[in-house]
Amino acid sequence: MKKAAVIVAPGFEEGETLTIVDIIRRANLQCDLVGFEEIVEGSHKIIIKCDKVLNQDVIDYDMIILPGGYPGATNLRDNDDLINILKKMNEKNKYVCAMCAAPIVLEKANLLEGKKYTAYVGYDKRIKQGNYLTDKVVIDDNIVTSRGPATSYAFAYKLVDLLGGDSLAVKKRMVYFNAFNVKEDE
């Protein structure tokens, strides 16, 4: 079974983080919360207990996911061990995913060079690499990005599909189509 790791740094965006983990787990796929520490406090003072603490073993995962939030995104960006892990995963053509403010981490790892990406509003002016788009989710080879808290569902469903899961079944169980005016492929 393919597995995903959501990296949790102090100041993480709680809504993004928990939505992603919840949806991937609902698809019966492994998705671990991998924290800088076992207990991590988010940007809105919600505290979570992570499944694992970040180390080189995360390179064995099929997908690594970086939620945004402040100062979470800057804490991710400033962690040299994480930057090296992202580079190694990219070299192995594994999925490297980021949303909201977290594409700044991909930029520091030089993973946006020549790539299409999206991020939180205004990040087209902050991030100098790549080609910024305003789509909810952007996939360019193994790099997957999304806009912000409101796009967490679309992002997580796309990640389920990339991991080989059935996002349509999860969308139906979660009444996604009743709550949002979206097509089945969104």
# chains A, B, ... in the order shown; residues from 1 in each chain; ligands from 1
call {"tool": "residues_around", "arguments": {"residues": "region 80-85 of chain A", "least_positions_apart": "2", "cutoff": "6 Å", "atoms": "only C-alpha atoms", "output": "list in words"}}
result
Lys87, Lys88 and Ala109 of chain A
call {"tool": "write_last_selection", "arguments": {"atoms": "all heavy atoms", "output": "PDB file, in the first residue's frame"}}
result
ATOM      1  N   LYS A  87      14.560  17.139  -1.330  1.00  0.00           N
ATOM      2  CA  LYS A  87      15.427  16.979  -2.501  1.00  0.00           C
ATOM      3  C   LYS A  87      15.594  15.502  -2.857  1.00  0.00           C
ATOM      4  O   LYS A  87      15.511  15.129  -4.038  1.00  0.00           O
ATOM      5  CB  LYS A  87      16.791  17.617  -2.244  1.00  0.00           C
ATOM      6  CG  LYS A  87      16.750  19.136  -2.234  1.00  0.00           C
ATOM      7  CD  LYS A  87      18.119  19.715  -1.912  1.00  0.00           C
ATOM      8  CE  LYS A  87      18.093  21.231  -1.907  1.00  0.00           C
ATOM      9  NZ  LYS A  87      19.412  21.799  -1.598  1.00  0.00           N
ATOM     10  N   LYS A  88      15.799  14.666  -1.854  1.00  0.00           N
ATOM     11  CA  LYS A  88      15.962  13.221  -2.102  1.00  0.00           C
ATOM     12  C   LYS A  88      14.676  12.610  -2.642  1.00  0.00           C
ATOM     13  O   LYS A  88      14.715  11.781  -3.553  1.00  0.00           O
ATOM     14  CB  LYS A  88      16.402  12.514  -0.827  1.00  0.00           C
ATOM     15  CG  LYS A  88      17.841  12.814  -0.446  1.00  0.00           C
ATOM     16  CD  LYS A  88      18.219  12.155   0.863  1.00  0.00           C
ATOM     17  CE  LYS A  88      19.630  12.580   1.268  1.00  0.00           C
ATOM     18  NZ  LYS A  88      19.952  12.112   2.616  1.00  0.00           N
ATOM     19  N   ALA A 109      14.089  24.479  -1.609  1.00  0.00           N
ATOM     20  CA  ALA A 109      14.683  23.215  -2.045  1.00  0.00           C
ATOM     21  C   ALA A 109      14.943  23.200  -3.554  1.00  0.00           C
ATOM     22  O   ALA A 109      15.367  22.179  -4.086  1.00  0.00           O
ATOM     23  CB  ALA A 109      13.779  22.054  -1.651  1.00  0.00           C
TER      24      ALA A 109
END
call {"tool": "select_by_dssp", "arguments": {"residues": "region 25-141 of chain A", "states": "strand (DSSP E or B)", "output": "ChimeraX atom specification"}}
result
/A:30-35,39-41,47-49,52-53,63-66,95-99,116-117,131-132,137-140
call {"tool": "select_by_dssp", "arguments": {"residues": "region 50-133 of chain A", "states": "alpha helix (DSSP H)", "output": "PyMOL selection string"}}
result
chain A and resi 72-77+80-91+103-108+123-126
call {"tool": "residues_around", "arguments": {"residues": "Gly11 (chain A)", "least_positions_apart": "2", "cutoff": "9 Å", "atoms": "only C-alpha atoms", "output": "list of chain:residue names"}}
result
A:Val8, A:Ala9, A:Glu13, A:Glu14, A:Val40, A:Glu41, A:Gly42, A:Ser43, A:His44, A:Lys45, A:Gly68, A:Gly69, A:Tyr70, A:Pro71, A:Gly72, A:Ala73, A:Thr74, A:Asn75
call {"tool": "residues_around", "arguments": {"residues": "region 15-30 of chain A", "least_positions_apart": "3", "cutoff": "8 Å", "atoms": "only C-alpha atoms", "output": "list in words"}}
result
Met1, Lys2, Lys3, Ala4, Val6, Val8, Phe12, Leu33, Pro67, Gly68, Gly148, Pro149, Ser152, Tyr153, Phe155, Ala156, Tyr157, Leu159, Val160, Leu163, Gly165, Asp166, Ser167 and Val170 of chain A
call {"tool": "write_last_selection", "arguments": {"atoms": "N, CA, C and O atoms", "output": "tab-separated table (two decimals), in the first residue's frame"}}
result
chain	number	residue	atom	x	y	z
A	1	MET	N	0.85	-1.18	0.00
A	1	MET	CA	0.00	0.00	0.00
A	1	MET	C	0.89	1.24	0.00
A	1	MET	O	1.88	1.31	0.71
A	2	LYS	N	0.49	2.23	-0.79
A	2	LYS	CA	1.23	3.50	-0.81
A	2	LYS	C	0.94	4.26	0.48
A	2	LYS	O	-0.12	4.12	1.08
A	3	LYS	N	1.92	5.08	0.86
A	3	LYS	CA	1.74	5.82	2.11
A	3	LYS	C	2.20	7.27	1.96
A	3	LYS	O	3.11	7.57	1.19
A	4	ALA	N	1.54	8.13	2.73
A	4	ALA	CA	1.80	9.57	2.70
A	4	ALA	C	2.19	10.04	4.09
A	4	ALA	O	1.74	9.48	5.09
A	6	VAL	N	2.33	13.66	6.28
A	6	VAL	CA	2.04	15.09	6.41
A	6	VAL	C	3.01	15.62	7.47
A	6	VAL	O	3.01	15.15	8.61
A	8	VAL	N	4.42	18.11	10.12
A	8	VAL	CA	3.79	19.03	11.07
A	8	VAL	C	4.87	19.82	11.82
A	8	VAL	O	5.60	19.26	12.64
A	12	PHE	N	1.66	25.11	12.36
A	12	PHE	CA	0.98	24.54	11.18
A	12	PHE	C	-0.46	25.03	11.08
A	12	PHE	O	-1.06	25.41	12.08
A	33	LEU	N	0.94	11.54	10.47
A	33	LEU	CA	1.35	12.86	10.92
A	33	LEU	C	2.78	12.74	11.40
A	33	LEU	O	3.05	11.99	12.35
A	67	PRO	N	1.62	21.23	4.83
A	67	PRO	CA	0.54	22.21	4.99
A	67	PRO	C	1.15	23.59	5.22
A	67	PRO	O	2.32	23.71	5.55
A	68	GLY	N	0.33	24.60	5.06
A	68	GLY	CA	0.79	25.97	5.28
A	68	GLY	C	0.62	26.40	6.72
A	68	GLY	O	0.76	25.61	7.64
A	148	GLY	N	-4.98	27.19	-0.44
A	148	GLY	CA	-5.12	27.57	0.96
A	148	GLY	C	-6.21	26.79	1.66
A	148	GLY	O	-6.75	25.83	1.10
A	149	PRO	N	-6.59	27.18	2.86
A	149	PRO	CA	-7.53	26.40	3.67
A	149	PRO	C	-8.80	25.97	2.93
A	149	PRO	O	-9.23	24.83	3.07
A	152	SER	N	-8.45	22.78	0.69
A	152	SER	CA	-7.94	21.57	1.33
A	152	SER	C	-8.66	20.31	0.86
A	152	SER	O	-8.04	19.26	0.67
A	153	TYR	N	-9.97	20.39	0.68
A	153	TYR	CA	-10.73	19.22	0.23
A	153	TYR	C	-10.32	18.83	-1.18
A	153	TYR	O	-9.99	17.66	-1.43
A	155	PHE	N	-7.62	19.49	-2.76
A	155	PHE	CA	-6.23	19.04	-2.69
A	155	PHE	C	-6.16	17.60	-2.17
A	155	PHE	O	-5.53	16.73	-2.79
A	156	ALA	N	-6.81	17.34	-1.05
A	156	ALA	CA	-6.74	16.00	-0.44
A	156	ALA	C	-7.35	14.95	-1.36
A	156	ALA	O	-6.80	13.84	-1.48
A	157	TYR	N	-8.45	15.26	-2.01
A	157	TYR	CA	-9.05	14.28	-2.93
A	157	TYR	C	-8.10	13.97	-4.09
A	157	TYR	O	-7.96	12.83	-4.51
A	159	LEU	N	-4.85	14.13	-3.95
A	159	LEU	CA	-3.77	13.31	-3.39
A	159	LEU	C	-4.20	11.85	-3.26
A	159	LEU	O	-3.42	10.94	-3.53
A	160	VAL	N	-5.45	11.62	-2.87
A	160	VAL	CA	-5.99	10.26	-2.80
A	160	VAL	C	-5.87	9.58	-4.16
A	160	VAL	O	-5.39	8.45	-4.28
A	163	LEU	N	-2.36	8.65	-5.06
A	163	LEU	CA	-1.90	7.51	-4.27
A	163	LEU	C	-2.58	6.21	-4.69
A	163	LEU	O	-2.30	5.15	-4.13
A	165	GLY	N	-5.95	5.71	-4.66
A	165	GLY	CA	-7.20	5.51	-3.95
A	165	GLY	C	-8.40	5.94	-4.79
A	165	GLY	O	-8.25	6.38	-5.93
A	166	ASP	N	-9.58	5.83	-4.21
A	166	ASP	CA	-10.83	6.16	-4.89
A	166	ASP	C	-11.45	7.41	-4.24
A	166	ASP	O	-12.24	7.31	-3.31
A	167	SER	N	-11.07	8.57	-4.75
A	167	SER	CA	-11.58	9.81	-4.15
A	167	SER	C	-13.07	9.99	-4.40
A	167	SER	O	-13.76	10.59	-3.57
A	170	VAL	N	-15.02	8.50	-1.60
A	170	VAL	CA	-14.87	9.31	-0.38
A	170	VAL	C	-15.70	10.58	-0.51
A	170	VAL	O	-16.39	10.98	0.43
call {"tool": "closest_residue", "arguments": {"among": "A:Lys128, A:Arg173, A:Arg77, A:Lys49", "to": "Ala98 (chain A)", "atoms": "only C-alpha atoms"}}
result
A:Arg77
call {"tool": "residues_around", "arguments": {"residues": "Asp124 (chain A)", "least_positions_apart": "4", "cutoff": "12 Å", "atoms": "only C-alpha atoms", "output": "PDB file with N, CA, C and O atoms, in the first residue's frame"}}
result
ATOM      1  N   CYS A 100      -0.911  26.398   0.362  1.00  0.00           N
ATOM      2  CA  CYS A 100      -0.998  27.673   1.063  1.00  0.00           C
ATOM      3  C   CYS A 100       0.354  28.381   1.032  1.00  0.00           C
ATOM      4  O   CYS A 100       0.863  28.708  -0.030  1.00  0.00           O
ATOM      5  N   ALA A 101       0.966  28.597   2.177  1.00  0.00           N
ATOM      6  CA  ALA A 101       2.266  29.270   2.237  1.00  0.00           C
ATOM      7  C   ALA A 101       3.439  28.305   2.049  1.00  0.00           C
ATOM      8  O   ALA A 101       4.564  28.722   1.802  1.00  0.00           O
ATOM      9  N   PRO A 103       4.553  26.365  -0.347  1.00  0.00           N
ATOM     10  CA  PRO A 103       5.429  26.336  -1.519  1.00  0.00           C
ATOM     11  C   PRO A 103       6.731  27.129  -1.344  1.00  0.00           C
ATOM     12  O   PRO A 103       7.681  26.915  -2.095  1.00  0.00           O
ATOM     13  N   ILE A 104       6.821  27.983  -0.322  1.00  0.00           N
ATOM     14  CA  ILE A 104       8.111  28.645  -0.048  1.00  0.00           C
ATOM     15  C   ILE A 104       9.175  27.615   0.322  1.00  0.00           C
ATOM     16  O   ILE A 104      10.359  27.836   0.102  1.00  0.00           O
ATOM     17  N   GLU A 107      10.426  26.162  -2.917  1.00  0.00           N
ATOM     18  CA  GLU A 107      11.354  27.104  -3.544  1.00  0.00           C
ATOM     19  C   GLU A 107      12.739  26.984  -2.918  1.00  0.00           C
ATOM     20  O   GLU A 107      13.746  26.933  -3.629  1.00  0.00           O
ATOM     21  N   LYS A 116       5.073  24.506 -12.851  1.00  0.00           N
ATOM     22  CA  LYS A 116       3.828  25.225 -12.585  1.00  0.00           C
ATOM     23  C   LYS A 116       3.454  24.913 -11.139  1.00  0.00           C
ATOM     24  O   LYS A 116       3.639  23.790 -10.665  1.00  0.00           O
ATOM     25  N   TYR A 117       2.916  25.911 -10.444  1.00  0.00           N
ATOM     26  CA  TYR A 117       2.517  25.718  -9.055  1.00  0.00           C
ATOM     27  C   TYR A 117       1.454  26.749  -8.704  1.00  0.00           C
ATOM     28  O   TYR A 117       1.212  27.708  -9.431  1.00  0.00           O
ATOM     29  N   THR A 118       0.836  26.548  -7.566  1.00  0.00           N
ATOM     30  CA  THR A 118      -0.041  27.557  -6.992  1.00  0.00           C
ATOM     31  C   THR A 118       0.280  27.664  -5.507  1.00  0.00           C
ATOM     32  O   THR A 118       1.005  26.849  -4.951  1.00  0.00           O
ATOM     33  N   ALA A 119      -0.257  28.700  -4.892  1.00  0.00           N
ATOM     34  CA  ALA A 119      -0.010  28.963  -3.475  1.00  0.00           C
ATOM     35  C   ALA A 119      -1.040  29.982  -3.005  1.00  0.00           C
ATOM     36  O   ALA A 119      -1.900  30.421  -3.784  1.00  0.00           O
ATOM     37  N   TYR A 120      -0.908  30.390  -1.784  1.00  0.00           N
ATOM     38  CA  TYR A 120      -1.798  31.384  -1.202  1.00  0.00           C
ATOM     39  C   TYR A 120      -1.729  32.691  -2.007  1.00  0.00           C
ATOM     40  O   TYR A 120      -0.714  33.004  -2.630  1.00  0.00           O
ATOM     41  N   LYS A 128       9.993  33.311  -6.420  1.00  0.00           N
ATOM     42  CA  LYS A 128      10.622  33.745  -7.678  1.00  0.00           C
ATOM     43  C   LYS A 128      10.790  32.613  -8.680  1.00  0.00           C
ATOM     44  O   LYS A 128      11.046  32.858  -9.851  1.00  0.00           O
ATOM     45  N   GLN A 129      10.695  31.369  -8.248  1.00  0.00           N
ATOM     46  CA  GLN A 129      10.823  30.236  -9.162  1.00  0.00           C
ATOM     47  C   GLN A 129       9.467  29.846  -9.726  1.00  0.00           C
ATOM     48  O   GLN A 129       8.436  30.143  -9.148  1.00  0.00           O
ATOM     49  N   GLY A 130       9.477  29.156 -10.845  1.00  0.00           N
ATOM     50  CA  GLY A 130       8.277  28.531 -11.373  1.00  0.00           C
ATOM     51  C   GLY A 130       7.292  29.476 -12.017  1.00  0.00           C
ATOM     52  O   GLY A 130       7.524  30.675 -12.142  1.00  0.00           O
ATOM     53  N   ASN A 131       6.164  28.891 -12.416  1.00  0.00           N
ATOM     54  CA  ASN A 131       5.091  29.606 -13.093  1.00  0.00           C
ATOM     55  C   ASN A 131       3.832  29.501 -12.237  1.00  0.00           C
ATOM     56  O   ASN A 131       3.206  28.444 -12.166  1.00  0.00           O
ATOM     57  N   TYR A 132       3.462  30.598 -11.589  1.00  0.00           N
ATOM     58  CA  TYR A 132       2.327  30.650 -10.663  1.00  0.00           C
ATOM     59  C   TYR A 132       0.998  30.615 -11.418  1.00  0.00           C
ATOM     60  O   TYR A 132       0.786  31.373 -12.357  1.00  0.00           O
ATOM     61  N   LEU A 133       0.108  29.708 -10.995  1.00  0.00           N
ATOM     62  CA  LEU A 133      -1.243  29.622 -11.546  1.00  0.00           C
ATOM     63  C   LEU A 133      -2.255  29.846 -10.423  1.00  0.00           C
ATOM     64  O   LEU A 133      -1.920  29.703  -9.247  1.00  0.00           O
ATOM     65  N   THR A 134      -3.482  30.156 -10.787  1.00  0.00           N
ATOM     66  CA  THR A 134      -4.519  30.397  -9.778  1.00  0.00           C
ATOM     67  C   THR A 134      -5.490  29.226  -9.635  1.00  0.00           C
ATOM     68  O   THR A 134      -6.517  29.360  -8.989  1.00  0.00           O
ATOM     69  N   ARG A 147      -3.969  26.102  -3.041  1.00  0.00           N
ATOM     70  CA  ARG A 147      -4.065  27.512  -2.682  1.00  0.00           C
ATOM     71  C   ARG A 147      -4.087  27.833  -1.198  1.00  0.00           C
ATOM     72  O   ARG A 147      -3.397  28.722  -0.739  1.00  0.00           O
TER      73      ARG A 147
END
call {"tool": "closest_residue", "arguments": {"among": "A:Ile39, A:Leu76, A:Ile65, A:Val121", "to": "Val53 (chain A)", "atoms": "only C-alpha atoms"}}
result
A:Ile39
call {"tool": "residues_around", "arguments": {"residues": "Ala154 (chain A)", "least_positions_apart": "4", "cutoff": "9 Å", "atoms": "only C-alpha atoms", "output": "ChimeraX atom specification"}}
result
/A:136-137,146,150,158-159,186
call {"tool": "atom_distance", "arguments": {"atom1": "CA of Leu106 (chain A)", "atom2": "CA of Asn93 (chain A)"}}
result
14.2 Å
call {"tool": "atom_distance", "arguments": {"atom1": "CA of Ile48 (chain A)", "atom2": "CA of Tyr95 (chain A)"}}
result
24.4 Å
call {"tool": "closest_residue", "arguments": {"among": "A:Val144, A:Val182, A:Val96, A:Ile47", "to": "Gly35 (chain A)", "atoms": "only C-alpha atoms"}}
result
A:Ile47
